[in-house]
Amino acid sequence: MSEQPAPANHARQQLEPAAADAVRAYAAKTRANADQLAAVLEDIAANGLPSVEDCTPWEELREAHLARLAAQRPAVA
């Protein structure tokens, strides 16, 4: 993305207040996720990779995530 401001001859369309709040909330969540990832990477850089015994297999993580998604979805008759 460019750091340059939009040209003056192009008017920007303002968002509705609810839409602007939603965009801000999404930006905050994205920023928090990026910060969490950065912290994990910094820990790995400082301390090395965790031992295999301390890790959760990706299959278990996948199944847990799919179960969370299924629980959020309304049941279909």
# chains A, B, ... in the order shown; residues from 1 in each chain; ligands from 1
$ select_by_dssp --residues "chain A" --states "helix (DSSP H, G or I)" --output "ChimeraX atom specification"
/A:17-47,52-54,58-72
$ atom_distance --atom1 "CA of Ala32 (chain A)" --atom2 "CA of Ala19 (chain A)"
19.9 Å
$ atom_distance --atom1 "CA of Cys55 (chain A)" --atom2 "CA of Leu41 (chain A)"
15.1 Å
$ atom_distance --atom1 "CA of Val40 (chain A)" --atom2 "CA of Ala27 (chain A)"
20.1 Å
